[in-house]
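Notes follow the structure.
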Amino acid sequence: MAEKRNITRLIFSISSLVDLGQEVTSAKSFNERMKTALYVVTGMFSVPKAALLVYNSNQQRLKLLTHKGLKDTTWGNIHVKAKHIKSFSKNEPYSLSKIKTNFLYNPNTEALEKFHTKTFIPLFAKDEFVGAICLGKRLSRPSYLRSEKNVLKVVANQIAITLHNSSLFRRLTNKVNENKKLYENMRHIYNDTIKAFAAAIDAKDVYTKNHSFRVAKYAVAIAGELGWKEKDVEAIYVAGLLHDIGKITIDRGVINKGEDLSVSELSEIKRHPQISYDILSKINFPWKDLVHFVKHHHERIDGRGYPDSLQGEELSDGVKILAIADAFDAMTTDRPYRKKLSLTEALHEVKKCLGTQFDRRISNVFFRVLQKEIKGETKEAQILPHLDKGFNPTVITSLLETITAELSA
Amino acid sequence: MNNFSILSKTINGIVIFLPKGYVNDLGAENLEHACEEFLSKEMKKVVINFSEIQYINSIGASIFTGIVQKIAEHNGMLCFTNMKKVHSDVFEMLGITRHVKVFKEEKDAVNFLKESN
Ligand SMILES: [Fe+2]
């Protein structure tokens with residue numbers, strides 16, 4: 001039951017963040033975008049009354065920009081002196097009881113009450129104080145869970161950046177800002193959120209800590225070497241982060257058991273790609289192929305994989321990439337039933353499974369990236385930093401050369 | 001966007017809304033405004049039939065949150081009917097259903113409201 005609710009929360013949070021990302025970058029007017037952003041927040045946390053305020057640094061005041069559910073909006077100002085700004089934690093939700101003990105409350109009691117403030121979030125874009133959100137009482141529980149606070153912070157950050165980017169804010173602060181690409185920042189925030197969920201998946205499986213991160217990194221390295229477009233690389237990255245999300249519905253004991261799985265336990269585990277697909281297909285991601293990659297990450301070239309026993313060219317390149325990234329990380333990390341393989345052993349294992357478990361062409365690309373990384377020929381190593389340092393580069397390089405020569409012949 | 005519309009009718013002073021389509025942008029605020037209009041006419045018994053609603057995102061949830069709040073402030077009664085499981089799961093998680101009577105069918109809600117004062 002609690003598990004089911006967590007999944008509902010997870011899907012709802014991710015899709016809300018996806019929606020928020022799309023809304024704040026949409027072609028709508030600034031006011032409409034900000035109003036929509038506030039509605040996303042109030043909907044995520046079931047808050048009927050809320051206000052979004054923008055900071056005017058000349059007047060040292062927060063002014064009402066948009067609101068949800070307020071009747072009296074004439075109390076549009078909260079005074080925040082410049083010298084006080086630095087005492088705020090950036091984009092951190094403050095409960096009313098906390099606010100009551102600091103500088104903010106006394107001069108602004110009336111305004112805060114008019115906004116029905118139960119939670120106050122100071123908005124910062126980088127180091128600049130740009131505004132605040134006042135959230136009223138929630139329809140559900142009065143306080144916020146730790147995980148909810150984290151999501152709230154991500155959302156606040158995103159709204160802060162949008163606010164900072166706006167011409168309105170620049171006008172108010174009399175600043176002709178260099179047009180920095182804050183949009184890029186937003187992408188990072190979006191990624192951070194997905195990463196936070198990936199961490200939740202990995203936390204369930206004691207032996208696969210950070211597995212999702214590494215799979216994502218390895219997949220990006222291979223896709224990049226294949227010359228994929230940036231948007232497609234993003235898709236495989238997020239697919240890597242979320243491919244095992246279906247495991248959150250499987251009993252922890254079964255996941256961490258490793259060996260001696262009964263037939264029913266094994267089939268339980270084998271359900272996870274389909275469950276991942278079911279969860280993620282409810283989210284309106286900007287990447288079409290993502291759910292397809294996720295669903296088939298345990299398929300094999302010889303058709304002995306699951307869930308659909310696809311074979312050969314029925315597997316798309318993305319699926320083949322994820323399959324090798326996933327398996328390679330499994331080989332090179334400790335598992336409940338065996339110690340991790342050395343890099344040499346793992347490479348021999350991949351080689352042994354070419355044409356059965358792994359696609360030759362994609363594996364060749366994987367070997368090539370690894371080779372380049374060892375030789376320092378890539379801009380940024382994606383695979384190497386995650387492997388044990390104990391290997392002999394000369395030995396591995398010559399092994400990789402032999403394999404790739406064989407494959408290219 | 002135009003993928004949202006509302007039908008409404010009244011039976012014995014009970015207002016019944018049948019919203020259609022996607023409750024995922026500010027366009028759906030029309031439902032909240034329509035509720036306010038009936039509340040201002042002292043019509044405080046409201047049924048929302050979800051059978052034609054496809055998708056509700058957080059923006060939609062925010063609008064329902066507003067409706068719940070307004071009806072409570074007017075001491076009105078709010079019923080939700082014909083909800084799909086995905087929607088009731090989300091509303092339950094958000095604590096919205098705590099403030100609402102949920103019925104399987106629209107007629108059950110109407111009967112309930114007829115008998116209550
Ligand atoms: Fe998996």
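By order in the structure tokens, chains are A, B, ...; within a chain, residues start at 1; ligands start at 1, following the order shown.
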Residues of chain A within 6 Å of chain B, counting only C-alpha atoms, what are they? List them as number ranges by chain. A: 16, 39-40, 42-44, 46, 48, 139-140
Could you save those same residues with N, CA and C atoms as a PDB file, in the first residue's frame?
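Saved file selection25.pdb follows:
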ATOM      1  N   SER A  16       4.939  15.992 -13.267  1.00  0.00           N
ATOM      2  CA  SER A  16       4.745  17.418 -12.962  1.00  0.00           C
ATOM      3  C   SER A  16       5.984  18.215 -13.341  1.00  0.00           C
ATOM      4  N   TYR A  39       0.806  27.118 -10.442  1.00  0.00           N
ATOM      5  CA  TYR A  39      -0.237  26.093 -10.378  1.00  0.00           C
ATOM      6  C   TYR A  39       0.359  24.689 -10.330  1.00  0.00           C
ATOM      7  N   VAL A  40       1.468  24.499 -11.023  1.00  0.00           N
ATOM      8  CA  VAL A  40       2.136  23.190 -10.958  1.00  0.00           C
ATOM      9  C   VAL A  40       2.533  22.894  -9.506  1.00  0.00           C
ATOM     10  N   THR A  42       1.302  24.267  -6.680  1.00  0.00           N
ATOM     11  CA  THR A  42       0.149  24.123  -5.790  1.00  0.00           C
ATOM     12  C   THR A  42      -0.582  22.799  -6.040  1.00  0.00           C
ATOM     13  N   GLY A  43      -0.537  22.334  -7.308  1.00  0.00           N
ATOM     14  CA  GLY A  43      -1.149  21.043  -7.619  1.00  0.00           C
ATOM     15  C   GLY A  43      -0.335  19.883  -7.076  1.00  0.00           C
ATOM     16  N   MET A  44       0.978  19.990  -7.154  1.00  0.00           N
ATOM     17  CA  MET A  44       1.843  18.906  -6.679  1.00  0.00           C
ATOM     18  C   MET A  44       1.663  18.666  -5.193  1.00  0.00           C
ATOM     19  N   SER A  46      -1.013  20.001  -3.261  1.00  0.00           N
ATOM     20  CA  SER A  46      -2.397  20.320  -2.894  1.00  0.00           C
ATOM     21  C   SER A  46      -2.515  21.505  -1.933  1.00  0.00           C
ATOM     22  N   PRO A  48      -4.344  25.102  -1.785  1.00  0.00           N
ATOM     23  CA  PRO A  48      -5.348  25.925  -2.470  1.00  0.00           C
ATOM     24  C   PRO A  48      -4.979  27.409  -2.596  1.00  0.00           C
ATOM     25  N   LEU A 139      -4.023  20.612   1.641  1.00  0.00           N
ATOM     26  CA  LEU A 139      -5.218  19.795   1.890  1.00  0.00           C
ATOM     27  C   LEU A 139      -4.839  18.463   2.528  1.00  0.00           C
ATOM     28  N   SER A 140      -3.600  18.036   2.298  1.00  0.00           N
ATOM     29  CA  SER A 140      -3.174  16.767   2.907  1.00  0.00           C
ATOM     30  C   SER A 140      -2.516  17.055   4.247  1.00  0.00           C
TER      31      SER A 140
END
Each residue of chain A with at least one atom at most 9 Å from ligand 1 should appear once, together with its nearest atom pair and the corresponding distance in Å (one decimal); atoms considered: only C-alpha atoms and all ligand atoms; ordering: chain, then increasing residue number; output as a Markdown table.
| residue | atom | partner | partner_atom_place_in_ligand_line | distance |
| --- | --- | --- | --- | --- |
| A:His243 | CA | ligand 1 | 1 (Fe) | 6.3 |
| A:Asp244 | CA | ligand 1 | 1 (Fe) | 4.9 |
| A:Ile245 | CA | ligand 1 | 1 (Fe) | 8.6 |
| A:Gly246 | CA | ligand 1 | 1 (Fe) | 8.5 |
| A:Lys247 | CA | ligand 1 | 1 (Fe) | 8.0 |
| A:Ile269 | CA | ligand 1 | 1 (Fe) | 8.8 |
| A:Lys270 | CA | ligand 1 | 1 (Fe) | 8.3 |
| A:His272 | CA | ligand 1 | 1 (Fe) | 6.8 |
| A:Pro273 | CA | ligand 1 | 1 (Fe) | 6.3 |
| A:Val294 | CA | ligand 1 | 1 (Fe) | 8.5 |
| A:His297 | CA | ligand 1 | 1 (Fe) | 6.5 |
| A:His298 | CA | ligand 1 | 1 (Fe) | 6.4 |
| A:Ala323 | CA | ligand 1 | 1 (Fe) | 8.7 |
| A:Asp326 | CA | ligand 1 | 1 (Fe) | 7.1 |
| A:Ala327 | CA | ligand 1 | 1 (Fe) | 8.8 |
One decimal place gives the CA of His33 (chain B)-CA of Lys107 (chain B) separation as 24.0 Å
The distance between CA of Arg141 (chain A) and CA of Ser95 (chain A) is 13.3 Å
May I have all residues of region 34-111 of chain B that DSSP, computed from the backbone, assigns to strand (DSSP E or B), given as a tab-separated table (two decimals) with N, CA, C and O atoms, in the first residue's frame?
chain	number	residue	atom	x	y	z
B	45	LYS	N	-24.51	22.45	-3.63
B	45	LYS	CA	-24.33	21.01	-3.77
B	45	LYS	C	-23.80	20.72	-5.17
B	45	LYS	O	-24.50	20.96	-6.16
B	46	VAL	N	-22.58	20.23	-5.22
B	46	VAL	CA	-21.91	20.09	-6.51
B	46	VAL	C	-21.44	18.65	-6.74
B	46	VAL	O	-20.87	18.02	-5.86
B	47	VAL	N	-21.71	18.17	-7.95
B	47	VAL	CA	-21.20	16.85	-8.36
B	47	VAL	C	-20.28	17.06	-9.56
B	47	VAL	O	-20.62	17.79	-10.49
B	48	ILE	N	-19.11	16.45	-9.51
B	48	ILE	CA	-18.26	16.44	-10.70
B	48	ILE	C	-18.13	15.01	-11.18
B	48	ILE	O	-17.68	14.12	-10.46
B	49	ASN	N	-18.60	14.80	-12.42
B	49	ASN	CA	-18.55	13.48	-13.03
B	49	ASN	C	-17.28	13.38	-13.88
B	49	ASN	O	-17.10	14.14	-14.82
B	53	ILE	N	-13.12	12.67	-18.36
B	53	ILE	CA	-11.81	13.28	-18.17
B	53	ILE	C	-10.71	12.27	-18.51
B	53	ILE	O	-10.72	11.15	-18.02
B	54	GLN	N	-9.80	12.68	-19.37
B	54	GLN	CA	-8.74	11.77	-19.79
B	54	GLN	C	-7.53	11.88	-18.89
B	54	GLN	O	-7.07	10.91	-18.33
B	55	TYR	N	-7.03	13.09	-18.78
B	55	TYR	CA	-5.71	13.25	-18.17
B	55	TYR	C	-5.76	14.41	-17.19
B	55	TYR	O	-6.31	15.46	-17.49
B	56	ILE	N	-5.22	14.19	-16.01
B	56	ILE	CA	-5.12	15.28	-15.03
B	56	ILE	C	-3.66	15.40	-14.63
B	56	ILE	O	-3.06	14.41	-14.18
B	77	MET	N	-21.31	21.13	-0.41
B	77	MET	CA	-20.98	19.70	-0.45
B	77	MET	C	-20.50	19.35	-1.84
B	77	MET	O	-21.10	19.76	-2.83
B	78	LEU	N	-19.41	18.57	-1.87
B	78	LEU	CA	-18.82	18.24	-3.16
B	78	LEU	C	-18.71	16.72	-3.30
B	78	LEU	O	-18.23	16.03	-2.41
B	79	CYS	N	-19.19	16.21	-4.44
B	79	CYS	CA	-19.06	14.78	-4.72
B	79	CYS	C	-18.32	14.57	-6.03
B	79	CYS	O	-18.52	15.30	-6.99
B	80	PHE	N	-17.46	13.56	-6.05
B	80	PHE	CA	-16.79	13.13	-7.28
B	80	PHE	C	-17.37	11.78	-7.68
B	80	PHE	O	-17.57	10.91	-6.82
B	81	THR	N	-17.64	11.59	-8.96
B	81	THR	CA	-18.15	10.30	-9.41
B	81	THR	C	-17.43	9.83	-10.66
B	81	THR	O	-16.75	10.61	-11.32
B	101	LYS	N	-16.91	13.59	-1.13
B	101	LYS	CA	-17.56	12.27	-1.11
B	101	LYS	C	-17.39	11.65	-2.49
B	101	LYS	O	-17.71	12.29	-3.49
B	102	VAL	N	-16.88	10.44	-2.51
B	102	VAL	CA	-16.65	9.79	-3.80
B	102	VAL	C	-17.71	8.71	-4.04
B	102	VAL	O	-17.96	7.88	-3.17
B	103	PHE	N	-18.37	8.76	-5.18
B	103	PHE	CA	-19.36	7.74	-5.55
B	103	PHE	C	-18.99	7.12	-6.88
B	103	PHE	O	-18.33	7.75	-7.70
TODO: Can you check which residues of region 6-117 of chain B DSSP gives as helix (DSSP H, G or I) on the backbone and send them as a ChimeraX atom specification?
DONE: /B:26-40,58-73,85-93,97-99,106-115
Could you write those residues out with C-alpha atoms, as a JSON list (two decimals), in the first residue's frame?
[["chain", "number", "residue", "atom", "x", "y", "z"],
["B", 26, "LEU", "CA", -5.09, 27.00, -17.23],
["B", 27, "GLY", "CA", -8.00, 26.46, -19.62],
["B", 28, "ALA", "CA", -9.44, 24.09, -17.03],
["B", 29, "GLU", "CA", -9.81, 27.00, -14.63],
["B", 30, "ASN", "CA", -13.19, 27.54, -16.29],
["B", 31, "LEU", "CA", -14.43, 24.68, -14.16],
["B", 32, "GLU", "CA", -13.39, 26.53, -11.01],
["B", 33, "HIS", "CA", -15.03, 29.73, -12.26],
["B", 34, "ALA", "CA", -18.24, 27.86, -13.10],
["B", 35, "CYS", "CA", -18.30, 26.44, -9.56],
["B", 36, "GLU", "CA", -17.83, 29.92, -8.09],
["B", 37, "GLU", "CA", -20.70, 31.20, -10.16],
["B", 38, "PHE", "CA", -23.09, 28.59, -8.80],
["B", 39, "LEU", "CA", -21.80, 29.12, -5.27],
["B", 40, "SER", "CA", -22.54, 32.83, -5.56],
["B", 58, "SER", "CA", -0.54, 18.89, -11.43],
["B", 59, "ILE", "CA", -2.08, 21.99, -12.97],
["B", 60, "GLY", "CA", -5.39, 20.14, -13.08],
["B", 61, "ALA", "CA", -4.89, 18.96, -9.52],
["B", 62, "SER", "CA", -4.33, 22.57, -8.49],
["B", 63, "ILE", "CA", -7.66, 23.54, -10.01],
["B", 64, "PHE", "CA", -9.47, 20.75, -8.16],
["B", 65, "THR", "CA", -7.70, 21.82, -4.99],
["B", 66, "GLY", "CA", -9.15, 25.31, -5.52],
["B", 67, "ILE", "CA", -12.64, 23.92, -6.05],
["B", 68, "VAL", "CA", -12.46, 21.85, -2.86],
["B", 69, "GLN", "CA", -11.35, 24.93, -0.93],
["B", 70, "LYS", "CA", -14.07, 27.19, -2.30],
["B", 71, "ILE", "CA", -16.87, 24.75, -1.66],
["B", 72, "ALA", "CA", -15.61, 24.22, 1.89],
["B", 73, "GLU", "CA", -15.53, 27.99, 2.47],
["B", 85, "LYS", "CA", -8.33, 4.52, -10.79],
["B", 86, "VAL", "CA", -5.37, 6.65, -11.89],
["B", 87, "HIS", "CA", -7.27, 9.77, -10.92],
["B", 88, "SER", "CA", -8.52, 8.50, -7.58],
["B", 89, "ASP", "CA", -5.00, 7.29, -6.71],
["B", 90, "VAL", "CA", -3.54, 10.74, -7.33],
["B", 91, "PHE", "CA", -6.36, 12.53, -5.50],
["B", 92, "GLU", "CA", -6.01, 10.21, -2.56],
["B", 93, "MET", "CA", -2.28, 10.81, -2.41],
["B", 97, "THR", "CA", -10.54, 12.88, -1.61],
["B", 98, "ARG", "CA", -10.49, 13.45, 2.15],
["B", 99, "HIS", "CA", -12.60, 16.57, 1.57],
["B", 106, "GLU", "CA", -23.44, 10.11, -10.79],
["B", 107, "LYS", "CA", -26.93, 9.02, -9.71],
["B", 108, "ASP", "CA", -25.60, 7.73, -6.37],
["B", 109, "ALA", "CA", -24.15, 11.17, -5.65],
["B", 110, "VAL", "CA", -27.37, 12.91, -6.67],
["B", 111, "ASN", "CA", -29.42, 10.65, -4.41],
["B", 112, "PHE", "CA", -27.05, 11.30, -1.54],
["B", 113, "LEU", "CA", -27.20, 15.07, -2.00],
["B", 114, "LYS", "CA", -30.99, 15.05, -2.39],
["B", 115, "GLU", "CA", -31.32, 13.51, 1.04]]
**Asked** Which residues, written as a ChimeraX atom specification, have at least one atom at most 9 Å from Thr66 (chain A), with only C-alpha atoms counted and residues fewer than 5 positions away on the same chain left out?
**Response** /A:31-32,34-35,38,50-53
File of the preceding selection, all heavy atoms, as a short mmCIF file (atom, residue, chain, number, x, y, z; two decimals), in the first residue's frame:
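again35.cif written:
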data_model
loop_
_atom_site.label_atom_id
_atom_site.label_comp_id
_atom_site.auth_asym_id
_atom_site.auth_seq_id
_atom_site.Cartn_x
_atom_site.Cartn_y
_atom_site.Cartn_z
N ASN A 31 3.52 36.31 -17.87
CA ASN A 31 2.60 36.19 -16.74
C ASN A 31 1.88 34.85 -16.72
O ASN A 31 1.70 34.25 -15.67
CB ASN A 31 1.58 37.32 -16.74
CG ASN A 31 2.17 38.56 -16.11
OD1 ASN A 31 2.85 38.48 -15.10
ND2 ASN A 31 1.95 39.71 -16.73
N GLU A 32 1.52 34.41 -17.91
CA GLU A 32 0.81 33.13 -17.98
C GLU A 32 1.74 31.97 -17.62
O GLU A 32 1.34 31.03 -16.93
CB GLU A 32 0.24 32.94 -19.39
CG GLU A 32 -0.93 31.98 -19.40
CD GLU A 32 -1.62 31.93 -20.76
OE1 GLU A 32 -1.35 32.82 -21.61
OE2 GLU A 32 -2.40 31.01 -20.98
N MET A 34 4.30 32.12 -15.60
CA MET A 34 4.56 32.12 -14.16
C MET A 34 3.35 31.64 -13.38
O MET A 34 3.48 30.94 -12.37
CB MET A 34 4.98 33.52 -13.68
CG MET A 34 6.28 34.03 -14.27
SD MET A 34 7.57 32.79 -14.49
CE MET A 34 8.00 32.42 -12.81
N LYS A 35 2.18 32.00 -13.86
CA LYS A 35 0.96 31.54 -13.20
C LYS A 35 0.86 30.01 -13.32
O LYS A 35 0.58 29.32 -12.34
CB LYS A 35 -0.27 32.19 -13.85
CG LYS A 35 -1.55 31.87 -13.14
CD LYS A 35 -2.73 32.67 -13.67
CE LYS A 35 -3.98 32.20 -12.94
NZ LYS A 35 -5.20 32.86 -13.41
N LEU A 38 3.22 28.36 -10.95
CA LEU A 38 2.70 28.36 -9.58
C LEU A 38 1.62 27.29 -9.41
O LEU A 38 1.54 26.63 -8.38
CB LEU A 38 2.15 29.75 -9.21
CG LEU A 38 1.64 29.88 -7.77
CD1 LEU A 38 2.80 29.75 -6.78
CD2 LEU A 38 0.93 31.21 -7.54
N ALA A 50 -1.88 30.36 -2.70
CA ALA A 50 -0.43 30.57 -2.81
C ALA A 50 -0.16 31.86 -3.57
O ALA A 50 -1.03 32.38 -4.27
CB ALA A 50 0.21 29.40 -3.55
N ALA A 51 1.04 32.38 -3.39
CA ALA A 51 1.43 33.60 -4.10
C ALA A 51 2.86 33.47 -4.59
O ALA A 51 3.71 32.86 -3.94
CB ALA A 51 1.31 34.80 -3.16
N LEU A 52 3.09 34.03 -5.77
CA LEU A 52 4.45 34.10 -6.31
C LEU A 52 4.86 35.57 -6.37
O LEU A 52 4.13 36.39 -6.93
CB LEU A 52 4.49 33.46 -7.70
CG LEU A 52 5.79 33.54 -8.50
CD1 LEU A 52 6.96 32.91 -7.74
CD2 LEU A 52 5.63 32.82 -9.84
N LEU A 53 5.98 35.89 -5.75
CA LEU A 53 6.39 37.28 -5.66
C LEU A 53 7.75 37.48 -6.33
O LEU A 53 8.58 36.59 -6.35
CB LEU A 53 6.48 37.72 -4.20
CG LEU A 53 5.20 37.49 -3.40
CD1 LEU A 53 5.38 36.31 -2.46
CD2 LEU A 53 4.80 38.71 -2.62
#
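We find CA of Lys137 (chain A) and CA of His116 (chain A) to be spaced 7.4 Å apart.
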*Could you check which of A:Leu20, A:Val365, A:Ile7, A:Leu290 is closest to Lys231 (chain A), using only C-alpha atoms?*
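Using only C-alpha atoms, the shortest distance to Lys231 (chain A) belongs to A:Leu290.
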